[in-house]
Every structure is written in C-alpha cells, then in structure tokens.
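Q: Next comes my_file_16.txt, compact mmCIF, C-alpha atoms:
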```txt
# COMPACT_ATOMS: atom_id res chain seq x y z
CA MET A 3 -17.44 14.67 -21.31
CA ASP A 4 -16.81 18.39 -21.68
CA TRP A 5 -14.96 18.79 -18.39
CA GLY A 6 -14.42 22.51 -18.81
CA THR A 7 -18.14 23.32 -18.91
CA MET A 8 -19.18 21.11 -15.98
CA SER A 9 -20.11 22.49 -12.58
CA PRO A 10 -18.26 21.29 -9.43
CA ALA A 11 -21.27 19.11 -8.57
CA GLU A 12 -21.26 17.55 -12.03
CA ARG A 13 -17.54 16.85 -11.76
CA ASP A 14 -18.03 15.18 -8.40
CA ALA A 15 -20.83 13.05 -9.80
CA ALA A 16 -18.68 11.98 -12.76
CA TYR A 17 -16.43 9.98 -10.40
CA ASN A 18 -18.75 9.24 -7.46
CA SER A 19 -19.56 5.57 -7.99
CA SER A 20 -20.99 5.21 -4.48
CA ALA A 21 -23.63 7.84 -5.22
CA ALA A 22 -24.30 6.41 -8.67
CA VAL A 23 -25.13 2.95 -7.25
CA SER A 24 -27.97 3.34 -4.77
CA GLU A 25 -27.28 0.00 -3.08
CA SER A 26 -23.51 0.52 -2.78
CA ALA A 27 -23.62 0.55 1.03
CA GLN A 28 -25.47 -2.76 1.02
CA PHE A 29 -22.78 -4.34 -1.14
CA VAL A 30 -20.06 -3.17 1.24
CA ALA A 31 -22.03 -4.40 4.26
CA ARG A 32 -22.50 -7.82 2.64
CA TRP A 33 -18.83 -8.11 1.76
CA THR A 34 -17.87 -7.07 5.29
CA GLU A 35 -20.02 -9.81 6.82
CA ALA A 36 -18.87 -12.45 4.34
CA SER A 37 -15.27 -11.43 5.03
CA ARG A 38 -15.82 -11.64 8.79
CA GLN A 39 -16.95 -15.22 8.37
CA TRP A 40 -14.09 -16.08 6.03
CA ARG A 41 -11.53 -14.59 8.41
CA ALA A 42 -13.01 -16.50 11.35
CA GLU A 43 -12.59 -19.73 9.41
CA HIS A 44 -9.10 -18.88 8.07
CA SER A 45 -7.48 -16.99 10.93
CA ASN A 46 -3.94 -18.39 10.99
CA TYR A 47 -2.20 -15.52 9.21
CA LEU A 48 -4.05 -12.27 9.81
CA ASN A 49 -2.47 -8.84 10.27
CA ILE A 50 1.10 -9.88 9.53
CA PRO A 51 3.13 -6.63 9.62
CA TYR A 52 5.28 -5.57 6.69
CA GLY A 53 6.02 -2.09 8.08
CA THR A 54 5.68 0.05 11.17
CA LYS A 55 2.39 1.87 10.49
CA GLU A 56 -0.93 0.58 11.76
CA ARG A 57 -2.37 -0.43 8.38
CA MET A 58 0.86 -1.85 6.95
CA LYS A 59 -0.21 -5.47 7.44
CA TRP A 60 -1.00 -8.53 5.37
CA ASP A 61 -3.84 -11.01 5.55
CA ILE A 62 -2.62 -14.26 4.01
CA PHE A 63 -4.83 -17.21 3.11
CA PRO A 64 -2.65 -20.10 1.87
CA GLY A 65 -4.39 -22.36 -0.63
CA SER A 66 -4.72 -26.11 -0.58
CA LYS A 67 -2.26 -26.41 -3.50
CA PRO A 68 1.01 -24.56 -2.80
CA ASP A 69 2.13 -24.55 -6.44
CA MET A 70 -1.06 -22.92 -7.68
CA PRO A 71 -1.06 -19.14 -8.18
CA CYS A 72 -1.65 -16.61 -5.44
CA LEU A 73 -4.07 -13.74 -6.04
CA ILE A 74 -2.89 -10.57 -4.30
CA HIS A 75 -5.77 -8.11 -4.07
CA ILE A 76 -5.41 -4.38 -3.32
CA HIS A 77 -8.62 -2.82 -2.05
CA GLY A 78 -10.23 0.34 -3.42
CA GLY A 79 -11.94 3.35 -1.90
CA TYR A 80 -10.33 6.35 -3.65
CA TRP A 81 -7.21 5.85 -1.50
CA GLN A 82 -9.17 7.22 1.49
CA ARG A 83 -11.77 4.58 2.43
CA ASN A 84 -12.20 0.88 3.19
CA SER A 85 -9.69 -1.70 4.41
CA LYS A 86 -8.42 -5.15 3.54
CA GLU A 87 -10.81 -6.61 6.12
CA VAL A 88 -13.80 -5.70 3.94
CA PHE A 89 -12.52 -7.72 0.97
CA SER A 90 -11.25 -10.98 2.48
CA CYS A 91 -14.30 -12.69 1.01
CA LEU A 92 -12.81 -12.21 -2.47
CA ALA A 93 -10.68 -15.25 -1.62
CA CYS A 94 -13.73 -17.49 -1.95
CA GLY A 95 -13.70 -17.76 -5.73
CA VAL A 96 -10.13 -18.79 -6.55
CA ALA A 97 -9.61 -20.64 -3.25
CA ALA A 98 -12.02 -23.28 -4.55
CA TYR A 99 -9.32 -24.15 -7.10
CA GLY A 100 -6.52 -24.45 -4.56
CA TRP A 101 -5.21 -20.91 -5.03
CA SER A 102 -3.75 -18.81 -2.26
CA VAL A 103 -5.01 -15.27 -1.65
CA ALA A 104 -3.33 -12.36 0.15
CA LEU A 105 -4.49 -8.82 0.85
CA PRO A 106 -2.21 -5.94 1.90
CA GLY A 107 -3.40 -2.98 3.92
CA TYR A 108 -2.10 0.55 3.45
CA THR A 109 -2.38 3.94 5.13
CA LEU A 110 -5.31 6.01 3.87
CA ALA A 111 -5.39 9.67 2.83
CA PRO A 112 -5.07 12.23 4.30
CA ASP A 113 -2.65 10.40 6.61
CA ALA A 114 -0.72 9.34 3.50
CA SER A 115 -0.41 10.87 0.05
CA VAL A 116 -1.03 8.73 -3.02
CA SER A 117 2.76 8.65 -3.53
CA GLU A 118 3.19 7.30 -0.02
CA ILE A 119 0.43 4.74 -0.57
CA VAL A 120 2.17 3.49 -3.71
CA ALA A 121 5.44 3.24 -1.77
CA GLU A 122 3.74 1.30 1.03
CA CYS A 123 2.21 -1.16 -1.43
CA ARG A 124 5.56 -1.64 -3.14
CA ALA A 125 7.12 -2.33 0.27
CA ALA A 126 4.33 -4.82 0.91
CA LEU A 127 5.21 -6.69 -2.29
CA ASP A 128 8.91 -6.62 -1.37
CA TRP A 129 8.04 -8.27 1.93
CA PHE A 130 5.71 -10.80 0.35
CA GLY A 131 8.23 -11.81 -2.28
CA GLU A 132 10.80 -12.49 0.41
CA ASN A 133 8.49 -14.30 2.84
CA ARG A 134 5.78 -16.09 0.86
CA GLN A 135 7.37 -19.52 0.94
CA ALA A 136 7.12 -19.47 4.73
CA TYR A 137 3.35 -19.51 4.20
CA GLY A 138 3.43 -22.36 1.69
CA ILE A 139 2.99 -20.13 -1.38
CA ARG A 140 5.15 -21.22 -4.31
CA GLY A 141 3.10 -20.41 -7.40
CA PRO A 142 3.09 -17.27 -9.56
CA LEU A 143 1.71 -14.06 -8.07
CA ILE A 144 -1.16 -12.31 -9.85
CA LEU A 145 -1.79 -8.76 -8.67
CA SER A 146 -5.41 -7.67 -8.58
CA GLY A 147 -7.07 -4.40 -7.63
CA TRP A 148 -10.48 -2.77 -7.72
CA SER A 149 -11.20 0.94 -8.29
CA ALA A 150 -8.27 2.86 -6.74
CA GLY A 151 -6.72 -0.55 -6.10
CA ALA A 152 -6.65 -1.12 -9.86
CA GLN A 153 -4.55 2.03 -10.30
CA LEU A 154 -2.16 0.68 -7.66
CA ALA A 155 -2.07 -2.73 -9.33
CA ALA A 156 -1.29 -1.15 -12.71
CA LEU A 157 1.57 0.89 -11.22
CA LEU A 158 3.00 -2.08 -9.34
CA LEU A 159 2.73 -4.60 -12.17
CA ASP A 160 6.43 -4.06 -12.80
CA HIS A 161 7.36 -5.43 -9.36
CA PRO A 162 9.79 -8.35 -9.85
CA SER A 163 7.69 -10.77 -7.81
CA ILE A 164 4.54 -10.22 -9.91
CA SER A 165 3.78 -12.33 -12.99
CA ALA A 166 0.57 -10.69 -14.25
CA GLY A 167 -2.20 -8.29 -13.27
CA PHE A 168 -5.99 -8.14 -13.09
CA ALA A 169 -7.38 -4.59 -12.88
CA ILE A 170 -11.07 -4.07 -12.12
CA SER A 171 -12.96 -0.79 -12.64
CA GLY A 172 -9.85 1.31 -12.34
CA VAL A 173 -8.97 5.01 -12.30
CA TYR A 174 -5.97 5.32 -14.61
CA GLU A 175 -5.87 9.10 -15.06
CA LEU A 176 -5.64 11.16 -11.86
CA GLY A 177 -5.80 14.66 -13.34
CA PRO A 178 -9.60 15.13 -13.27
CA LEU A 179 -9.79 14.06 -9.63
CA ARG A 180 -8.19 17.36 -8.60
CA ASP A 181 -11.43 19.04 -9.65
CA THR A 182 -13.59 16.80 -7.45
CA GLN A 183 -14.39 16.37 -3.77
CA PHE A 184 -12.04 13.39 -3.61
CA ASN A 185 -9.05 15.69 -3.77
CA ASP A 186 -9.95 17.29 -0.44
CA LYS A 187 -8.03 14.46 1.24
CA LEU A 188 -5.73 13.47 -1.61
CA GLN A 189 -4.25 16.92 -2.38
CA LEU A 190 -2.73 15.60 -5.58
CA SER A 191 0.32 17.46 -6.84
CA ASP A 192 1.29 18.03 -10.47
CA ALA A 193 4.13 15.55 -10.03
CA GLU A 194 1.81 12.89 -8.64
CA VAL A 195 -0.65 13.28 -11.50
CA SER A 196 2.20 12.86 -13.98
CA MET A 197 4.00 10.03 -12.22
CA LEU A 198 1.07 8.04 -10.83
CA SER A 199 -1.42 8.08 -13.72
CA PRO A 200 -0.97 4.78 -15.60
CA LEU A 201 -2.38 6.42 -18.74
CA ARG A 202 0.63 8.78 -18.77
CA LEU A 203 3.29 6.11 -18.23
CA GLU A 204 5.03 3.48 -20.32
CA PRO A 205 3.00 0.30 -19.69
CA SER A 206 4.54 -2.79 -18.16
CA HIS A 207 5.40 -5.67 -20.48
CA LYS A 208 3.62 -8.10 -18.16
CA PRO A 209 0.11 -9.31 -19.03
CA LEU A 210 -2.73 -7.23 -17.61
CA THR A 211 -6.40 -8.09 -17.87
CA ILE A 212 -8.57 -4.96 -17.65
CA VAL A 213 -12.18 -5.37 -16.53
CA TYR A 214 -15.03 -2.88 -16.29
CA GLY A 215 -18.83 -2.96 -16.00
CA THR A 216 -20.92 -1.58 -18.82
CA ARG A 217 -23.07 0.27 -16.26
CA GLU A 218 -20.12 2.03 -14.65
CA LEU A 219 -19.81 5.79 -14.73
CA ALA A 220 -18.76 7.05 -18.14
CA ALA A 221 -15.41 8.35 -16.84
CA LEU A 222 -14.43 4.93 -15.50
CA VAL A 223 -15.54 3.13 -18.65
CA GLN A 224 -13.43 5.54 -20.68
CA ASN A 225 -10.46 5.04 -18.36
CA SER A 226 -10.51 1.27 -18.83
CA ARG A 227 -10.93 1.45 -22.60
CA ALA A 228 -8.24 4.09 -22.98
CA TYR A 229 -5.75 2.19 -20.85
CA HIS A 230 -6.29 -1.02 -22.78
CA GLU A 231 -5.91 0.93 -26.03
CA LYS A 232 -2.63 2.41 -24.78
CA ARG A 233 -1.30 -1.02 -23.83
CA SER A 234 -2.42 -2.53 -27.13
CA ALA A 235 -0.73 0.25 -29.10
CA ALA A 236 2.48 -0.60 -27.24
CA HIS A 237 1.99 -4.32 -28.09
CA ARG A 238 1.37 -5.32 -24.50
CA THR A 239 -0.71 -8.42 -23.83
CA GLY A 240 -3.93 -8.64 -21.85
CA ALA A 241 -7.66 -8.89 -22.42
CA LEU A 242 -10.24 -6.13 -22.11
CA ILE A 243 -13.39 -7.56 -20.51
CA PRO A 244 -16.57 -5.46 -20.43
CA VAL A 245 -18.97 -7.13 -18.00
CA ALA A 246 -22.44 -6.64 -19.44
CA GLY A 247 -24.90 -4.94 -17.09
CA ALA A 248 -22.42 -4.70 -14.20
CA ASN A 249 -21.93 -1.55 -12.13
CA HIS A 250 -18.97 -0.49 -10.02
CA PHE A 251 -20.01 -2.69 -7.11
CA ASP A 252 -21.85 -5.77 -8.32
CA ILE A 253 -18.96 -6.47 -10.71
CA LEU A 254 -17.02 -7.84 -7.72
CA GLU A 255 -19.71 -10.41 -6.94
CA SER A 256 -18.43 -12.66 -9.72
CA LEU A 257 -14.99 -12.77 -8.08
CA LEU A 258 -16.54 -14.20 -4.91
CA ASN A 259 -18.19 -16.98 -6.89
CA PRO A 260 -16.03 -19.96 -8.00
CA GLY A 261 -18.07 -20.06 -11.20
CA GLY A 262 -18.21 -16.29 -11.71
CA LEU A 263 -16.98 -14.49 -14.80
CA LEU A 264 -14.16 -12.68 -12.98
CA THR A 265 -12.99 -15.86 -11.25
CA LYS A 266 -12.92 -17.68 -14.59
CA SER A 267 -11.09 -14.73 -16.15
CA VAL A 268 -8.38 -14.85 -13.46
CA LEU A 269 -8.04 -18.61 -13.98
CA ARG A 270 -7.69 -18.03 -17.73
CA LEU A 271 -5.00 -15.42 -17.14
CA ALA A 272 -3.02 -17.96 -15.10
CA GLU A 273 -3.51 -20.63 -17.76
CA ASP A 274 -2.20 -18.26 -20.41
CA LEU A 275 0.86 -17.56 -18.25
CA GLN A 276 1.56 -21.28 -17.94
CA SER A 277 1.09 -21.81 -21.67
CA ALA A 278 3.58 -19.05 -22.39
CA VAL A 279 6.12 -20.71 -20.09
CA ASN A 280 5.56 -24.11 -21.71
CA ASN A 281 5.94 -22.66 -25.19
CA PHE A 282 9.05 -20.65 -24.43
```
Can the structure from this file be put into structure tokens for me?
A:
Amino acid sequence: MDWGTMSPAERDAAYNSSAAVSESAQFVARWTEASRQWRAEHSNYLNIPYGTKERMKWDIFPGSKPDMPCLIHIHGGYWQRNSKEVFSCLACGVAAYGWSVALPGYTLAPDASVSEIVAECRAALDWFGENRQAYGIRGPLILSGWSAGAQLAALLLDHPSISAGFAISGVYELGPLRDTQFNDKLQLSDAEVSMLSPLRLEPSHKPLTIVYGTRELAALVQNSRAYHEKRSAAHRTGALIPVAGANHFDILESLLNPGGLLTKSVLRLAEDLQSAVNNF
C-alpha cells in the first residue's frame, strides 16, 4: 500500500473492516443475542468491579474443571465501540472442555485514551490474578483478543499472571490510524504510537498464537504477518494461523464452536504449554 498517495477516503477504507464486510452488523447482532442467552444461563458472576469507572468490570464464567485453563478475552471495536456483553458467547467453545472464560470491560474512547485503556486492562489483570481462586479458577491464564483487543492482548502478554496469548485479526501498528477517521476519537499522540504499537516494541518471551483471515483487509493481513515475523526473528514461540476464506468477522465463529479451528488452536496452545512444563 502506497500510503502517501492515498486519499483520506482510501485510508479510511484500508482499516474499516465493518464497511468491508457487508454483513458485519448481522454478525454483531447474532453474537449479542447468543451472549444474552449465555449470560442468562451463567449469571453468577457478572459485572464484578475491578475499578471505579462504569465499564471497569469483569464477567467471569468458571468452568467445570477448575484446573483447566481460563481464556481471558478482550473485546475489539477500535477502542471506541462494543462491550464485553457482546462477546460472552465466545465462552461456548472452550467451555465444552471444562475451561473457564472471563471477559474484562474497559472505558471506550474518547472517554479514555488508548494509554488509559491499556492501563485499565492491566489493572483488570492485576485484580484477576489476585482474585481468580475465589471463583474456582486454578489453571493457566491464556489472554485472547480480537481486532483492537488483539493489540491489547499483545501489549499485556508480559503480565505476570498470563501464561500465553492468542491474538485474532489484530492491529499491531498504530501509526497509520492517525490518518483515518478512527483517530477522531482516539487522538493518538506520537508517544502512544511509539509505546503502544506492538510492532515497535520488544516482543514478550511468552508464546503467542497470531491468527488472521485470508479475506481480511490487506493492512490487517500485513499487520499479522509482520508481527509474527518480528517475533520469529527474536526467537519467540507461537504459531501464525491464516484462516482460509475468513474475513474480520466470521473468523470469530470458529471460537464459538467447540469443534472450530480457533477453539482447537487455543486447546493446542494450552497443550503445548503443558508439554513445555512437563519437559522442563
């Protein structure tokens, strides 16, 4: 992409996955309804506060096997849309194997900068690490995120409570976003671009699986490939999984399904973690 020759409209389109997928609103509506049903059936630990702001709350879904891993999922929406309530249904896949699932909320832009969102999510993980056993969660924590949530997961992979990460369709370089409509609310600073772009930072030593759909926007495909290349060059472990024919939205469908590719990939990540422990 020759960014310097593109018009403002072309730059917006380069990162606008919602516009690129005509049925994106239908996917979100379906997830919202599936999540409403899941939350109604698993309502014991909803909206547990970890801070003082309205969105600083956890939804926690303890699994049937306390020693199995817990998938912590950070929602996406360019740091300015969506909520944890939309994505509760992502628990369906791994919960079938006895896993726990937990989803943190965070304040959206423009009420919070991306720096403040990162700080809130780190505070959420601090709280979870200290309190998870009260909810019957004893296994390793795997941090997942989709879209903007993948950027947050990559940045927070170094948190001491996290064992590994699973990043889906992420934005790992923030610089170009300043030339798009998404920056109207984000107002990214030079310091934030430098400090919060995973592609500009030393990668964590912890395993990170990076996933993207082959029908994603070119900028997001390039982000995922470049970030995996950076980690590989630094001898960091973690698979790169291109999901054939998947776009930015339907890629998540296989995380809802116990037999889906993303669910199996998360299970494999946990198995690899256990093998590494056993072989140590």
Q: List the residues sitting within 12 Å of (-11.6, -1.5, -0.1) in the file's frame, using all atoms listed in the file, as a PyMOL selection string.
A: chain A and resi 29-31+33-34+37+75-92+105-110+147-152+251+254
Q: When you count all atoms listed in the file, which of these residues is closest to Glu12 of chain A: A:Thr182, A:Gly215, A:Leu264, A:Leu203?
A: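 Using all atoms listed in the file, the shortest distance to Glu12 of chain A belongs to A:Thr182.
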Q: Under the rule of at most 9 Å, produce a per-residue listing of segment 85-174 of chain A near segment 218-222 of chain A: chain, number, name, the closest pair of atoms, and the distance in Å, as JSON lines, using all atoms listed in the file.
A:
```
{"residue": "A:Ser149", "atom": "CA", "partner": "A:Leu222", "partner_atom": "CA", "distance": 8.9}
{"residue": "A:Ser171", "atom": "CA", "partner": "A:Leu222", "partner_atom": "CA", "distance": 6.6}
{"residue": "A:Gly172", "atom": "CA", "partner": "A:Leu222", "partner_atom": "CA", "distance": 6.6}
{"residue": "A:Val173", "atom": "CA", "partner": "A:Leu222", "partner_atom": "CA", "distance": 6.3}
{"residue": "A:Tyr174", "atom": "CA", "partner": "A:Leu222", "partner_atom": "CA", "distance": 8.5}
```
Q: Within 8 Å of Asp14 of chain A, counting all atoms listed in the file, which residues show up once you throw out same-chain ones fewer than 4 positions away? Write them as an NGL selection string, please.
A: :A and (10 or 18 or 181-184)
Q: Which is closer to Leu201 of chain A than all the others in A:Glu56, A:Glu175, A:Glu231, A:Asp113, using only C-alpha atoms?
A: A:Glu175
Q: Which residue, A:Gly131, A:Gly247, A:Pro51, A:Gly65, has the smallest gap to His161 of chain A when you use only C-alpha atoms?
A: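 So, comparing all the options, the nearest one is A:Gly131.
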Q: Would you save segment 234-267 of chain A to a file, keeping N, CA and C atoms, as a compact mmCIF listing (two decimals), in the first residue's frame?
A:
```txt
# COMPACT_ATOMS: atom_id res chain seq x y z
N SER A 234 9.30 -14.04 15.36
CA SER A 234 10.14 -15.16 14.92
C SER A 234 11.61 -14.74 14.84
N ALA A 235 11.86 -13.53 14.34
CA ALA A 235 13.23 -13.03 14.24
C ALA A 235 13.88 -12.90 15.62
N ALA A 236 13.05 -12.67 16.63
CA ALA A 236 13.54 -12.56 18.01
C ALA A 236 13.50 -13.91 18.74
N HIS A 237 13.22 -14.99 17.98
CA HIS A 237 13.18 -16.35 18.52
C HIS A 237 12.10 -16.53 19.59
N ARG A 238 10.97 -15.87 19.35
CA ARG A 238 9.82 -16.06 20.23
C ARG A 238 8.92 -17.16 19.65
N THR A 239 8.26 -17.90 20.51
CA THR A 239 7.45 -19.02 20.05
C THR A 239 6.01 -18.59 19.79
N GLY A 240 5.35 -19.33 18.92
CA GLY A 240 3.94 -19.06 18.63
C GLY A 240 3.64 -19.25 17.15
N ALA A 241 2.50 -19.87 16.89
CA ALA A 241 2.11 -20.17 15.51
C ALA A 241 1.51 -18.96 14.82
N LEU A 242 1.61 -18.92 13.50
CA LEU A 242 0.86 -18.00 12.66
C LEU A 242 -0.18 -18.82 11.92
N ILE A 243 -1.46 -18.48 12.11
CA ILE A 243 -2.54 -19.28 11.54
C ILE A 243 -3.38 -18.42 10.60
N PRO A 244 -3.19 -18.56 9.28
CA PRO A 244 -4.09 -17.90 8.34
C PRO A 244 -5.34 -18.77 8.16
N VAL A 245 -6.49 -18.21 8.41
CA VAL A 245 -7.74 -18.97 8.30
C VAL A 245 -8.30 -18.75 6.89
N ALA A 246 -8.25 -19.78 6.09
CA ALA A 246 -8.60 -19.67 4.68
C ALA A 246 -10.05 -19.22 4.49
N GLY A 247 -10.24 -18.16 3.69
CA GLY A 247 -11.57 -17.69 3.35
C GLY A 247 -12.28 -16.89 4.42
N ALA A 248 -11.63 -16.67 5.57
CA ALA A 248 -12.29 -15.96 6.68
C ALA A 248 -12.09 -14.46 6.56
N ASN A 249 -13.11 -13.69 6.91
CA ASN A 249 -12.99 -12.25 6.99
C ASN A 249 -12.86 -11.82 8.44
N HIS A 250 -12.91 -10.52 8.68
CA HIS A 250 -12.65 -9.97 10.01
C HIS A 250 -13.72 -10.37 11.03
N PHE A 251 -14.87 -10.78 10.55
CA PHE A 251 -15.97 -11.10 11.47
C PHE A 251 -16.24 -12.60 11.55
N ASP A 252 -16.38 -13.26 10.42
CA ASP A 252 -16.72 -14.69 10.51
C ASP A 252 -15.58 -15.52 11.08
N ILE A 253 -14.38 -14.95 11.18
CA ILE A 253 -13.28 -15.68 11.80
C ILE A 253 -13.59 -16.05 13.25
N LEU A 254 -14.39 -15.21 13.93
CA LEU A 254 -14.71 -15.49 15.33
C LEU A 254 -15.70 -16.63 15.50
N GLU A 255 -16.42 -16.97 14.44
CA GLU A 255 -17.42 -18.03 14.54
C GLU A 255 -16.80 -19.35 14.99
N SER A 256 -15.56 -19.60 14.58
CA SER A 256 -14.94 -20.87 14.94
C SER A 256 -14.42 -20.89 16.37
N LEU A 257 -14.50 -19.76 17.08
CA LEU A 257 -14.18 -19.76 18.50
C LEU A 257 -15.42 -20.05 19.34
N LEU A 258 -16.60 -19.83 18.75
CA LEU A 258 -17.85 -20.18 19.43
C LEU A 258 -18.11 -21.68 19.39
N ASN A 259 -17.56 -22.34 18.39
CA ASN A 259 -17.84 -23.75 18.12
C ASN A 259 -16.80 -24.63 18.81
N PRO A 260 -17.23 -25.60 19.65
CA PRO A 260 -16.26 -26.48 20.31
C PRO A 260 -15.35 -27.22 19.33
N GLY A 261 -15.83 -27.45 18.11
CA GLY A 261 -15.02 -28.12 17.11
C GLY A 261 -14.37 -27.19 16.11
N GLY A 262 -14.48 -25.88 16.34
CA GLY A 262 -13.97 -24.89 15.39
C GLY A 262 -12.45 -24.79 15.39
N LEU A 263 -11.93 -24.27 14.29
CA LEU A 263 -10.48 -24.15 14.13
C LEU A 263 -9.85 -23.32 15.24
N LEU A 264 -10.45 -22.18 15.58
CA LEU A 264 -9.86 -21.33 16.61
C LEU A 264 -9.92 -21.99 17.98
N THR A 265 -11.03 -22.67 18.28
CA THR A 265 -11.12 -23.39 19.55
C THR A 265 -10.04 -24.45 19.63
N LYS A 266 -9.87 -25.22 18.56
CA LYS A 266 -8.83 -26.26 18.55
C LYS A 266 -7.44 -25.65 18.67
N SER A 267 -7.26 -24.48 18.07
CA SER A 267 -5.95 -23.82 18.13
C SER A 267 -5.64 -23.35 19.55
```
